[in-house]
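Chemist: Following this line is entry_39.txt, made up of compact mmCIF, C-alpha atoms and all ligand atoms:
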```txt
# COMPACT_ATOMS: atom_id res chain seq x y z
CA MET A 732 3.52 12.52 -40.19
CA ASN A 733 2.68 8.88 -40.73
CA TYR A 734 0.24 6.69 -38.83
CA GLU A 735 2.99 4.80 -37.06
CA THR A 736 4.21 7.96 -35.35
CA VAL A 737 0.67 8.78 -34.28
CA LEU A 738 0.17 5.29 -32.85
CA ALA A 739 3.56 5.35 -31.19
CA GLY A 740 2.66 8.56 -29.37
CA LEU A 741 -0.66 7.25 -28.08
CA PRO A 742 -0.86 6.67 -24.31
CA ASP A 743 -3.04 3.60 -24.89
CA ALA A 744 -1.56 0.29 -25.93
CA VAL A 745 -2.46 -0.64 -29.51
CA ILE A 746 -1.97 -4.23 -30.63
CA ALA A 747 -2.94 -5.61 -34.02
CA VAL A 748 -3.08 -9.28 -35.04
CA ASP A 749 -3.63 -11.07 -38.33
CA GLY A 750 -6.29 -13.71 -38.93
CA ALA A 751 -4.14 -16.34 -37.22
CA LEU A 752 -3.74 -14.24 -34.06
CA ARG A 753 -0.17 -13.43 -34.98
CA ILE A 754 0.99 -10.04 -33.77
CA VAL A 755 1.60 -7.58 -36.59
CA PHE A 756 1.72 -4.34 -34.63
CA TRP A 757 2.67 -3.44 -31.07
CA ASN A 758 3.04 0.27 -30.22
CA ALA A 759 5.26 1.93 -27.61
CA ALA A 760 2.51 2.04 -24.97
CA ALA A 761 2.04 -1.72 -25.44
CA GLU A 762 5.75 -2.13 -24.73
CA VAL A 763 5.45 -0.13 -21.52
CA LEU A 764 2.26 -1.86 -20.39
CA THR A 765 3.46 -5.41 -20.96
CA GLY A 766 7.18 -4.99 -20.44
CA ARG A 767 7.74 -6.66 -23.85
CA SER A 768 9.44 -4.92 -26.75
CA ALA A 769 7.77 -4.66 -30.15
CA ARG A 770 10.79 -6.37 -31.66
CA ARG A 771 10.21 -9.44 -29.51
CA ALA A 772 6.42 -9.40 -29.78
CA GLN A 773 5.82 -8.85 -33.48
CA GLY A 774 5.58 -12.01 -35.54
CA ARG A 775 4.65 -14.15 -32.55
CA LEU A 776 1.25 -15.58 -31.67
CA VAL A 777 -0.57 -13.67 -28.90
CA LYS A 778 -1.11 -16.87 -27.03
CA GLU A 779 2.64 -17.46 -26.88
CA LEU A 780 2.99 -14.21 -24.98
CA LEU A 781 -0.11 -14.36 -22.84
CA PRO A 782 -1.63 -17.21 -20.86
CA ALA A 783 -4.56 -19.01 -22.47
CA GLY A 784 -7.81 -17.48 -21.31
CA ALA A 785 -6.33 -14.00 -21.00
CA SER A 786 -8.84 -11.23 -21.76
CA LEU A 787 -6.89 -10.04 -24.77
CA VAL A 788 -6.56 -13.48 -26.37
CA ASN A 789 -10.27 -14.23 -25.93
CA ARG A 790 -11.57 -10.89 -27.19
CA LEU A 791 -9.30 -10.81 -30.24
CA GLY A 792 -10.33 -14.38 -31.06
CA GLU A 793 -14.02 -13.46 -30.81
CA THR A 794 -13.57 -10.38 -32.95
CA LEU A 795 -11.79 -12.39 -35.67
CA ALA A 796 -14.48 -15.07 -35.57
CA THR A 797 -17.52 -12.78 -35.58
CA GLY A 798 -16.32 -9.57 -37.17
CA GLU A 799 -17.72 -7.69 -34.17
CA SER A 800 -16.15 -5.36 -31.67
CA ARG A 801 -15.68 -6.52 -28.12
CA SER A 802 -14.98 -4.56 -24.96
CA GLU A 803 -14.10 -5.41 -21.42
CA ALA A 804 -14.00 -2.78 -18.70
CA GLU A 805 -12.42 -4.98 -16.06
CA GLY A 806 -9.87 -7.03 -17.95
CA THR A 807 -6.34 -7.83 -16.91
CA ILE A 808 -3.07 -8.39 -18.66
CA GLU A 809 -0.01 -10.23 -17.41
CA THR A 810 3.29 -8.45 -17.85
CA ALA A 811 6.60 -10.03 -18.77
CA ASP A 812 7.64 -10.06 -15.11
CA GLY A 813 4.45 -11.78 -14.00
CA ARG A 814 2.53 -8.78 -12.65
CA VAL A 815 -1.20 -8.65 -13.35
CA VAL A 816 -2.27 -5.17 -14.48
CA PRO A 817 -5.96 -4.20 -14.59
CA VAL A 818 -6.90 -2.85 -18.02
CA SER A 819 -9.93 -1.76 -19.94
CA LEU A 820 -9.82 -3.12 -23.46
CA LEU A 821 -11.57 -2.78 -26.77
CA THR A 822 -11.15 -4.84 -29.91
CA ALA A 823 -12.25 -4.09 -33.47
CA PRO A 824 -12.16 -6.06 -36.75
CA LEU A 825 -10.20 -4.97 -39.80
CA PHE A 826 -11.89 -6.03 -43.03
CA ALA A 827 -10.31 -7.11 -46.30
CA ARG A 828 -11.62 -5.78 -49.64
CA ASP A 829 -13.93 -8.75 -50.03
CA GLY A 830 -15.56 -8.03 -46.69
CA SER A 831 -13.95 -10.91 -44.79
CA VAL A 832 -12.25 -10.31 -41.47
CA GLU A 833 -8.57 -10.00 -42.20
CA ALA A 834 -7.17 -8.83 -38.91
CA ALA A 835 -8.12 -7.32 -35.56
CA VAL A 836 -6.85 -4.50 -33.43
CA ALA A 837 -7.01 -4.10 -29.66
CA VAL A 838 -6.70 -0.93 -27.61
CA LEU A 839 -5.79 -1.39 -23.96
CA ARG A 840 -5.70 1.19 -21.21
CA ASP A 841 -3.90 0.72 -17.92
CA VAL A 842 -6.47 1.40 -15.19
CA SER A 843 -4.35 0.43 -12.18
CA ARG A 844 -4.04 4.01 -10.99
CA ILE A 845 -7.82 4.49 -11.26
CA ARG A 846 -8.42 1.25 -9.36
CA GLN A 847 -6.00 2.42 -6.71
CA LEU A 848 -7.82 5.74 -6.38
CA GLU A 849 -11.16 3.91 -6.14
CA ASP A 850 -9.74 1.77 -3.35
CA GLU A 851 -8.50 4.87 -1.61
CA VAL A 852 -11.90 6.55 -1.81
CA ARG A 853 -13.62 3.46 -0.47
CA ARG A 854 -11.07 3.25 2.35
CA GLY A 855 -11.57 6.94 3.06
CA GLU A 856 -15.30 6.42 3.44
CA THR A 857 -14.90 3.55 5.88
CA LEU A 858 -12.41 5.65 7.77
CA ALA A 859 -14.75 8.60 8.00
CA ALA A 860 -17.61 6.41 9.20
CA ALA A 861 -15.36 4.69 11.73
CA GLY A 862 -14.14 8.08 12.82
CA ARG A 863 -17.59 9.51 13.46
CA MET A 864 -18.55 6.51 15.50
CA ALA A 865 -15.29 6.63 17.37
CA VAL A 866 -15.61 10.25 18.36
CA GLY A 867 -19.06 9.61 19.81
CA LEU A 868 -17.95 6.52 21.70
CA ALA A 869 -14.66 7.89 22.83
CA HIS A 870 -16.19 10.79 24.72
CA GLU A 871 -18.62 8.46 26.47
CA ILE A 872 -15.86 6.09 27.49
CA ARG A 873 -13.15 8.54 28.32
CA ASN A 874 -14.82 10.15 31.32
CA PRO A 875 -15.65 6.96 33.20
CA LEU A 876 -12.14 5.71 32.40
CA GLY A 877 -10.68 8.86 33.90
CA ALA A 878 -12.78 8.28 37.02
CA ILE A 879 -11.64 4.65 37.26
CA ARG A 880 -8.01 5.66 36.91
CA GLY A 881 -8.34 8.27 39.63
CA ALA A 882 -10.08 5.84 41.98
CA VAL A 883 -7.43 3.16 41.41
CA GLN A 884 -4.69 5.63 42.24
CA LEU A 885 -6.45 6.53 45.48
CA LEU A 886 -6.90 2.87 46.28
CA GLN A 887 -3.21 2.29 45.64
CA ARG A 888 -2.33 4.98 48.15
CA GLU A 889 -4.77 3.59 50.75
CA LEU A 890 -3.53 0.03 50.34
CA GLY A 891 0.04 1.06 50.98
CA GLU A 892 3.01 -1.18 50.33
CA ASP A 893 1.43 -4.63 50.33
CA PRO A 894 3.00 -6.16 47.18
CA ARG A 895 0.20 -8.69 46.75
CA LEU A 896 -2.41 -5.94 46.46
CA SER A 897 -0.34 -3.46 44.53
CA GLU A 898 0.05 -6.09 41.84
CA TYR A 899 -3.69 -5.85 41.28
CA THR A 900 -3.77 -2.10 41.14
CA GLU A 901 -0.85 -2.13 38.68
CA VAL A 902 -2.85 -4.38 36.37
CA LEU A 903 -5.85 -2.07 36.66
CA LEU A 904 -3.78 0.98 35.79
CA LYS A 905 -2.03 -0.74 32.92
CA GLU A 906 -5.25 -1.91 31.34
CA VAL A 907 -6.98 1.44 31.81
CA ASP A 908 -4.04 3.05 30.04
CA ARG A 909 -4.30 0.53 27.24
CA LEU A 910 -7.97 1.39 26.79
CA ASN A 911 -7.07 5.04 26.72
CA ARG A 912 -4.50 4.45 24.01
CA ILE A 913 -7.04 2.55 21.92
CA ILE A 914 -9.43 5.45 22.26
CA GLU A 915 -6.75 7.92 21.30
CA MET A 916 -6.07 5.90 18.16
CA LEU A 917 -9.76 5.82 17.27
CA LEU A 918 -9.99 9.54 17.80
CA ASP A 919 -6.95 10.07 15.61
CA LEU A 920 -8.71 8.35 12.75
CA GLY A 921 -11.77 10.46 13.18
CA ARG A 922 -10.49 13.96 13.58
CA PRO A 923 -8.98 16.00 10.80
CA VAL A 924 -5.50 16.77 11.93
CA GLN A 925 -3.53 19.91 11.55
CA LEU A 926 -0.04 18.85 10.60
CA ARG A 927 2.74 20.76 12.26
CA ARG A 928 5.37 20.32 9.61
CA ALA A 929 8.99 21.20 10.00
CA PRO A 930 12.24 20.06 8.41
CA LEU A 931 13.41 16.94 10.19
CA ASN A 932 16.20 14.46 10.15
CA LEU A 933 14.55 11.13 9.34
CA HIS A 934 17.43 9.06 10.71
CA GLN A 935 17.16 10.65 14.13
CA LEU A 936 13.46 9.94 14.11
CA LEU A 937 13.99 6.29 13.13
CA GLU A 938 16.57 5.95 15.88
CA ARG A 939 14.06 7.19 18.42
CA VAL A 940 11.65 4.52 17.25
CA THR A 941 14.22 1.71 17.40
CA LEU A 942 15.19 2.79 20.90
CA LEU A 943 11.61 2.23 22.03
CA HIS A 944 11.62 -1.31 20.68
CA GLU A 945 15.16 -2.40 21.47
CA GLU A 946 14.15 -4.47 24.48
CA ALA A 947 11.29 -6.22 22.73
CA ALA A 948 13.46 -6.93 19.69
CA ARG A 949 16.26 -8.45 21.78
CA ALA A 950 13.79 -10.64 23.67
CA GLN A 951 12.55 -11.95 20.30
CA ASN A 952 15.94 -12.45 18.69
CA VAL A 953 15.37 -9.69 16.20
CA THR A 954 18.30 -7.51 15.18
CA PHE A 955 17.91 -4.06 13.71
CA VAL A 956 19.87 -3.49 10.51
CA ARG A 957 20.29 0.08 9.30
CA ARG A 958 20.82 1.03 5.67
CA TYR A 959 20.75 4.77 5.90
CA ASP A 960 21.73 7.00 3.00
CA PRO A 961 24.23 9.38 4.65
CA SER A 962 23.41 12.18 2.22
CA LEU A 963 19.66 12.02 2.84
CA PRO A 964 18.14 15.53 2.81
CA PRO A 965 15.84 16.66 5.64
CA ILE A 966 12.17 15.85 5.15
CA LEU A 967 9.19 18.11 5.72
CA ALA A 968 6.98 16.33 8.19
CA ASP A 969 5.04 16.36 11.43
CA GLU A 970 7.35 14.67 13.90
CA ASP A 971 4.71 13.21 16.22
CA ARG A 972 2.63 11.84 13.38
CA LEU A 973 5.65 10.26 11.71
CA LEU A 974 6.76 8.70 14.96
CA GLN A 975 3.33 7.05 15.05
CA VAL A 976 3.84 5.73 11.52
CA PHE A 977 7.20 4.10 12.13
CA HIS A 978 6.19 2.95 15.56
CA ASN A 979 3.28 1.04 13.98
CA LEU A 980 5.40 -0.35 11.16
CA VAL A 981 8.11 -1.58 13.52
CA ILE A 982 5.51 -3.21 15.76
CA ASN A 983 3.99 -4.99 12.75
CA ALA A 984 7.44 -6.18 11.69
CA LEU A 985 8.20 -7.43 15.20
CA ASP A 986 4.80 -9.13 15.39
CA ALA A 987 5.63 -10.90 12.13
CA MET A 988 9.04 -12.14 13.29
CA THR A 989 8.14 -14.46 16.10
CA GLN A 990 11.06 -16.67 15.04
CA GLY A 991 13.55 -13.80 15.09
CA GLY A 992 15.41 -12.36 12.14
CA ARG A 993 16.55 -9.04 10.74
CA LEU A 994 14.46 -5.92 10.79
CA THR A 995 15.95 -3.58 8.19
CA LEU A 996 15.45 0.16 8.16
CA ALA A 997 16.56 1.72 4.89
CA THR A 998 16.42 5.24 3.53
CA ARG A 999 17.19 6.81 0.18
CA VAL A 1000 16.10 9.52 -2.22
CA SER A 1001 13.86 8.16 -4.95
CA MET A 1002 11.34 9.07 -7.59
CA ASN A 1003 7.87 10.10 -6.48
CA PRO A 1004 5.74 7.05 -7.37
CA VAL A 1005 2.83 9.20 -8.58
CA TYR A 1006 4.84 12.00 -10.20
CA GLY A 1007 3.66 12.97 -13.65
CA LYS A 1008 0.66 10.65 -13.64
CA VAL A 1009 -2.09 12.48 -15.49
CA ASP A 1010 -4.78 11.96 -12.90
CA VAL A 1011 -2.93 13.05 -9.77
CA GLY A 1012 -1.59 16.35 -8.51
CA ALA A 1013 2.00 16.10 -9.57
CA GLY A 1014 3.93 17.14 -6.46
CA HIS A 1015 7.70 16.97 -6.54
CA ARG A 1016 9.71 14.67 -8.70
CA THR A 1017 11.93 13.30 -5.96
CA MET A 1018 10.99 12.17 -2.49
CA VAL A 1019 12.61 10.47 0.45
CA GLU A 1020 11.92 6.80 0.79
CA ALA A 1021 11.98 5.00 4.13
CA GLN A 1022 11.63 1.24 4.23
CA VAL A 1023 10.80 -1.08 7.07
CA ALA A 1024 11.57 -4.63 5.99
CA ASP A 1025 11.07 -7.82 7.96
CA GLU A 1026 11.83 -11.49 7.47
CA GLY A 1027 8.48 -12.70 8.70
CA PRO A 1028 6.03 -14.98 6.88
CA GLY A 1029 4.82 -12.24 4.51
CA ILE A 1030 1.23 -11.27 3.81
CA PRO A 1031 -0.97 -13.85 2.07
CA THR A 1032 -2.14 -12.60 -1.35
CA ALA A 1033 -5.74 -13.15 -0.34
CA ILE A 1034 -5.67 -10.49 2.38
CA ARG A 1035 -3.25 -8.04 0.77
CA ALA A 1036 -6.02 -5.76 -0.48
CA LYS A 1037 -7.52 -5.44 3.00
CA ILE A 1038 -4.59 -4.64 5.22
CA PHE A 1039 -5.16 -0.88 5.02
CA ASP A 1040 -8.84 -1.18 5.94
CA PRO A 1041 -9.62 0.09 9.41
CA PHE A 1042 -10.31 -2.77 11.84
CA PHE A 1043 -8.82 -5.40 9.55
CA THR A 1044 -6.57 -7.59 11.64
CA THR A 1045 -5.39 -11.19 11.72
CA LYS A 1046 -4.08 -10.88 15.28
CA ASP A 1047 -5.84 -12.03 18.45
CA ARG A 1048 -5.23 -8.77 20.20
CA GLY A 1049 -4.95 -6.65 17.09
CA LEU A 1050 -7.03 -3.57 16.46
CA GLY A 1051 -6.43 -3.31 12.74
CA LEU A 1052 -5.88 0.42 12.93
CA GLY A 1053 -2.11 0.63 12.53
CA LEU A 1054 -1.85 0.58 8.74
CA ALA A 1055 -5.06 2.57 8.27
CA LEU A 1056 -3.52 5.28 10.40
CA CYS A 1057 -0.16 5.11 8.60
CA HIS A 1058 -1.95 5.45 5.29
CA ARG A 1059 -3.90 8.43 6.50
CA ILE A 1060 -0.83 10.19 7.91
CA LEU A 1061 1.23 9.68 4.76
CA GLU A 1062 -1.61 10.93 2.64
CA GLU A 1063 -1.78 14.07 4.75
CA HIS A 1064 1.91 14.56 4.04
CA GLN A 1065 1.29 14.25 0.27
CA GLY A 1066 3.36 11.11 0.56
CA ALA A 1067 2.50 7.50 -0.07
CA ILE A 1068 2.82 4.06 1.46
CA ARG A 1069 3.40 0.84 -0.47
CA VAL A 1070 3.57 -2.73 0.77
CA GLU A 1071 5.42 -5.47 -1.03
CA SER A 1072 5.32 -8.93 0.35
CA ALA A 1073 6.37 -12.33 -0.84
CA GLU A 1074 4.85 -15.20 1.09
CA GLY A 1075 7.57 -16.86 3.10
CA ARG A 1076 10.09 -14.16 2.36
CA GLY A 1077 8.97 -11.24 4.46
CA THR A 1078 7.38 -7.87 3.97
CA VAL A 1079 8.73 -4.51 2.86
CA VAL A 1080 6.75 -1.39 3.67
CA THR A 1081 7.93 1.72 1.84
CA CYS A 1082 6.96 5.23 2.91
CA PHE A 1083 7.44 8.15 0.53
CA LEU A 1084 7.93 11.51 2.20
CA PRO A 1085 8.43 15.03 0.88
CA ILE A 1086 11.86 16.60 0.98
CA ALA A 1087 12.16 19.91 2.84
CA ARG A 1088 13.03 22.51 0.19
N1 LIG B 1101 5.00 -6.83 8.49
C1 LIG B 1101 3.90 -7.59 8.35
N2 LIG B 1101 4.02 -8.93 8.11
C2 LIG B 1101 2.92 -9.70 7.96
N3 LIG B 1101 1.65 -9.23 8.04
C3 LIG B 1101 1.46 -7.92 8.28
C4 LIG B 1101 2.57 -7.03 8.44
N4 LIG B 1101 2.09 -5.78 8.65
C5 LIG B 1101 0.74 -5.90 8.63
N5 LIG B 1101 0.35 -7.17 8.41
C6 LIG B 1101 -1.03 -7.67 8.31
O1 LIG B 1101 -1.91 -6.57 8.21
C7 LIG B 1101 -2.87 -6.59 9.25
C8 LIG B 1101 -3.26 -5.18 9.65
O2 LIG B 1101 -2.17 -4.52 10.25
P1 LIG B 1101 -2.45 -3.27 11.21
O3 LIG B 1101 -3.34 -2.31 10.48
O4 LIG B 1101 -1.15 -2.74 11.70
O5 LIG B 1101 -3.31 -3.87 12.38
P2 LIG B 1101 -2.88 -4.88 13.56
O6 LIG B 1101 -1.38 -4.83 13.66
O7 LIG B 1101 -3.57 -4.33 14.76
O8 LIG B 1101 -3.41 -6.22 13.15
C9 LIG B 1101 -2.21 -7.41 10.35
O9 LIG B 1101 -3.15 -8.00 11.21
C10 LIG B 1101 -1.44 -8.45 9.55
O10 LIG B 1101 -2.29 -9.48 9.11
MG MG B 1102 -0.28 -3.07 13.63
```
Show me the file's structure as structure tokens.
Ligand SMILES: Nc1ncnc2c1ncn2[C@@H]1O[C@H](COP(=O)(O)OP(=O)(O)O)[C@@H](O)[C@H]1O
Ligand SMILES: [Mg+2]
Modeler:
Amino acid sequence: MNYETVLAGLPDAVIAVDGALRIVFWNAAAEVLTGRSARRAQGRLVKELLPAGASLVNRLGETLATGESRSEAEGTIETADGRVVPVSLLTAPLFARDGSVEAAVAVLRDVSRIRQLEDEVRRGETLAAAGRMAVGLAHEIRNPLGAIRGAVQLLQRELGEDPRLSEYTEVLLKEVDRLNRIIEMLLDLGRPVQLRRAPLNLHQLLERVTLLHEEAARAQNVTFVRRYDPSLPPILADEDRLLQVFHNLVINALDAMTQGGRLTLATRVSMNPVYGKVDVGAGHRTMVEAQVADEGPGIPTAIRAKIFDPFFTTKDRGLGLGLALCHRILEEHQGAIRVESAEGRGTVVTCFLPIAR
């Protein structure tokens, strides 16, 4: 076995440059990480492939100049299609016979999955803290709310038919119910839930959700577009919990489309996004994918990392619990949720769900 085969089989990207920062070696993992083939990379200058100031360019330059190793735990690399991938990187000098620095080699490791897990842990902690507080509060608030609701109903009966007065009691009841729903949502975040999973038809479930929002959508000039895969297998899920998920996603999409537009619901079978990754329980190779896509303004890059945080909202009357809850529910299903958004071109939320087998 030669060294090239060893390097080709390595999961870490290995890139070597000569004294002029020209690429002389680019292994298979480097191809995967950067989306650039060795054939196209070798022989070119690193700075032709990567923007000036990129971690890799700087560290290789320093290593060539000083003959010392450099490392960066929180570097990034830009891929051919413009994505920025977090990497940890290490460079080392290669010496010529006379002791001068002849070349340098860099080893890069994709840490995006680790970063994602770190984010999830952090989110989980905020959720747990929010949950504990919520449970305490909710019990205190629920009882007086129940009493208020009861009293309003009695009042309604006493006041009789007078439309002027019943308008007030209606408002009271509606707002008390809203408070109750908020409390239920807070409690949901706090308590560990027992999923009641059964095989379900996802399309029927999505149709139930659209039915709930048909009126609101029409009033806002939003049309539902369905792209259902007719051969979609049943999924294994808790019906009530999943209704909550799609209910929240459709509301977010409607909230985003104040100017009207198309709200697309799409389903298909696809690859499990975390299947086969070394650091995650593998699960099944294929999953069902359900997308809720809108034509709203999209999510500004600056807030994209926060949208799953409990209580993060940009809306006046928002609670910021919708996506946190969706995330939690999909996690409980061993599924996943991903958000893609291009500013000005709308948002696509993709849910991955297990197939009933
Ligand atoms: N489809 C979407 N289009 C644009 N922004 C969105 C969309 N979905 C979510 N967001 C952003 O994420 C934030 C958090 O969403 P969510 O957790 O559902 O809470 P809320 O809807 O109560 O604000 C929203 O306030 C909004 O800024
Ligand atoms: Mg919401």
Chemist: Taking only C-alpha atoms and all ligand atoms and a cut-off of 7 Å, can you tell me which residues surround ligand MG 1102 (chain B), written as JSON, numbers by chain?
Modeler: {"A": [979, 980, 982, 983, 1049, 1051, 1052, 1053, 1054]}
Chemist: Counting all atoms listed in the file, which of A:Gln1022, A:Leu985, A:Arg801, A:Thr995 gets nearest to ligand LIG 1101 (chain B)?
Modeler: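 Selected residue with least distance to ligand LIG 1101 (chain B): A:Leu985.
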Chemist: Near Val818 of chain A, counting all atoms listed in the file, which residues have an atom at most 6 Å away, once you skip same-chain residues fewer than 5 positions from it, shown as an mmCIF file with C-alpha atoms, in the coordinates of the input?
Modeler:
```
data_model
loop_
_atom_site.group_PDB
_atom_site.id
_atom_site.type_symbol
_atom_site.label_atom_id
_atom_site.label_comp_id
_atom_site.auth_asym_id
_atom_site.auth_seq_id
_atom_site.Cartn_x
_atom_site.Cartn_y
_atom_site.Cartn_z
ATOM 1 C CA GLY A 806 -9.870 -7.030 -17.950
ATOM 2 C CA THR A 807 -6.340 -7.830 -16.910
ATOM 3 C CA ARG A 840 -5.700 1.190 -21.210
ATOM 4 C CA ASP A 841 -3.900 0.720 -17.920
ATOM 5 C CA VAL A 842 -6.470 1.400 -15.190
#
```
Chemist: Using only C-alpha atoms and all ligand atoms, pick whichever of A:Ala968, A:Ile913, A:Gly855, A:Thr998 has the shortest atom-to-atom distance to ligand LIG 1101 (chain B).
Modeler: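 Checking each of A:Ala968, A:Ile913, A:Gly855, A:Thr998 against ligand LIG 1101 (chain B), counting only C-alpha atoms and all ligand atoms, the winner is A:Ile913.
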Chemist: Tell me, as a ChimeraX atom specification, which residues lie within 6 Å of Val745 of chain A, counting all atoms listed in the file; anything in the same chain fewer than 2 positions away does not count.
Modeler: /A:758,837-838
Chemist: For Ala772 of chain A, which of A:Val788, A:Ile746, A:Ile879, A:Ala860 is the closest residue, counting only C-alpha atoms?
Modeler: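 Distance minimum relative to Ala772 of chain A lands on A:Ile746.
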Chemist: Between A:Arg854, A:His1015, A:Arg909, A:Lys1046, which residue has the minimum interatomic distance to ligand LIG 1101 (chain B), considering all atoms listed in the file?
Modeler: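 Closest candidate: A:Lys1046.
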Chemist: Between A:Val866, A:Thr989, A:Leu1084, A:Asp919, which one has atoms that come closest to Asn1003 of chain A, using all atoms listed in the file?
Modeler: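 Using all atoms listed in the file, Asn1003 of chain A sits closest to A:Leu1084.
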Chemist: Can you list, as a list in words, every protein, DNA or RNA residue that comes within 12 Å of Pro782 of chain A when you count only C-alpha atoms, leaving out same-chain residues fewer than 3 positions away?
Modeler: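 Those residues are Leu776, Val777, Lys778, Glu779, Ala785, Ser786, Leu787, Val788, Asn789, Thr807, Ile808, Glu809, Thr810, Ala811, Gly813 and Val815 of chain A.
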Chemist: Check which residues fall inside 10 Å of ligand LIG 1101 (chain B) when counting all atoms listed in the file, and print them as a PyMOL selection string.
Modeler: chain A and resi 976+979-988+994+1023-1031+1034-1058+1070-1080
Chemist: If you measure from atom CA of Gln951 of chain A to atom CA of Arg1059 of chain A, what distance in Å do you get, rounded to one decimal?
Modeler: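 Taking atom CA of Gln951 of chain A as the start and atom CA of Arg1059 of chain A as the end point, the length is 29.6 Å.
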Chemist: Using all atoms listed in the file for the distances, tell me which of A:Pro930, A:Gly1066, A:Gly891, A:Gly867 is nearest to Ile914 of chain A.
Modeler: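 Residue with the minimum atom-to-atom distance to Ile914 of chain A: A:Gly867.
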Chemist: What separation in Å, quoted to one decimal, exists between atom CA of Thr941 of chain A and atom CA of Phe977 of chain A?
Modeler: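 Separation between atom CA of Thr941 of chain A and atom CA of Phe977 of chain A: 9.1 Å.
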Chemist: Could you tell me how far atom CA of Leu896 of chain A sits from atom CA of Val883 of chain A, in Å to one decimal place?
Modeler: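 Between these atoms lies a distance of 11.6 Å.
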Chemist: Extending 4 Å beyond the listed atoms of segment 875-881 of chain A on each side, what axis-aligned box results? I want centre and edge lengths in Å to one decimal, as JSON.
Modeler:
```
{"center_x": -11.8, "center_y": 6.8, "center_z": 36.0, "size_x": 15.6, "size_y": 12.2, "size_z": 15.2}
```
Chemist: So which residues fall inside 9 Å of (-11.8, -8.4, -34.1) if we count only C-alpha atoms? Mind giving them as a list in words?
Modeler: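 Every residue inside that radius is included here: Val748, Arg790, Leu791, Gly792, Glu793, Thr794, Leu795, Ala796, Thr797, Gly798, Glu799, Ser800, Arg801, Thr822, Ala823, Pro824, Leu825, Val832, Glu833, Ala834, Ala835, Val836 and Ala837 of chain A.
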Chemist: For the residues in the current selection, export C-alpha atoms as a PDB file, in the frame of the given file.
Modeler:
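File result-v6.pdb, as written:
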```
ATOM      1  CA  VAL A 748      -3.080  -9.280 -35.040  1.00  0.00           C
ATOM      2  CA  ARG A 790     -11.570 -10.890 -27.190  1.00  0.00           C
ATOM      3  CA  LEU A 791      -9.300 -10.810 -30.240  1.00  0.00           C
ATOM      4  CA  GLY A 792     -10.330 -14.380 -31.060  1.00  0.00           C
ATOM      5  CA  GLU A 793     -14.020 -13.460 -30.810  1.00  0.00           C
ATOM      6  CA  THR A 794     -13.570 -10.380 -32.950  1.00  0.00           C
ATOM      7  CA  LEU A 795     -11.790 -12.390 -35.670  1.00  0.00           C
ATOM      8  CA  ALA A 796     -14.480 -15.070 -35.570  1.00  0.00           C
ATOM      9  CA  THR A 797     -17.520 -12.780 -35.580  1.00  0.00           C
ATOM     10  CA  GLY A 798     -16.320  -9.570 -37.170  1.00  0.00           C
ATOM     11  CA  GLU A 799     -17.720  -7.690 -34.170  1.00  0.00           C
ATOM     12  CA  SER A 800     -16.150  -5.360 -31.670  1.00  0.00           C
ATOM     13  CA  ARG A 801     -15.680  -6.520 -28.120  1.00  0.00           C
ATOM     14  CA  THR A 822     -11.150  -4.840 -29.910  1.00  0.00           C
ATOM     15  CA  ALA A 823     -12.250  -4.090 -33.470  1.00  0.00           C
ATOM     16  CA  PRO A 824     -12.160  -6.060 -36.750  1.00  0.00           C
ATOM     17  CA  LEU A 825     -10.200  -4.970 -39.800  1.00  0.00           C
ATOM     18  CA  VAL A 832     -12.250 -10.310 -41.470  1.00  0.00           C
ATOM     19  CA  GLU A 833      -8.570 -10.000 -42.200  1.00  0.00           C
ATOM     20  CA  ALA A 834      -7.170  -8.830 -38.910  1.00  0.00           C
ATOM     21  CA  ALA A 835      -8.120  -7.320 -35.560  1.00  0.00           C
ATOM     22  CA  VAL A 836      -6.850  -4.500 -33.430  1.00  0.00           C
ATOM     23  CA  ALA A 837      -7.010  -4.100 -29.660  1.00  0.00           C
TER      24      ALA A 837
END
```
Chemist: Extract, using all atoms listed in the file, all DNA, RNA and protein residues at most 8 Å from Leu886 of chain A, discarding same-chain residues fewer than 4 positions from it, and format them as JSON, numbers by chain.
Modeler: {"A": [882, 890, 900]}
Chemist: Okay, now the selection with C-alpha atoms, as a short mmCIF file (atom, residue, chain, number, x, y, z; two decimals), keeping the file's coordinate frame?
Modeler:
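Contents of result_14.cif, as written:
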```cif
data_model
loop_
_atom_site.label_atom_id
_atom_site.label_comp_id
_atom_site.auth_asym_id
_atom_site.auth_seq_id
_atom_site.Cartn_x
_atom_site.Cartn_y
_atom_site.Cartn_z
CA ALA A 882 -10.08 5.84 41.98
CA LEU A 890 -3.53 0.03 50.34
CA THR A 900 -3.77 -2.10 41.14
#
```
Chemist: May I have the residues at most 10 Å from (-0.6, 20.1, 14.3) in the file's coordinates, counting only C-alpha atoms, as a PyMOL selection string?
Modeler: chain A and resi 923-928+969-972
Chemist: At a cut-off of 7 Å, using only C-alpha atoms, what residues contact segment 961-967 of chain A? Leave out same-chain residues fewer than 5 positions from it and give the result as JSON, numbers by chain.
Modeler: {"A": [928, 929, 930, 931, 932, 933, 999, 1000, 1084, 1085, 1086, 1087]}
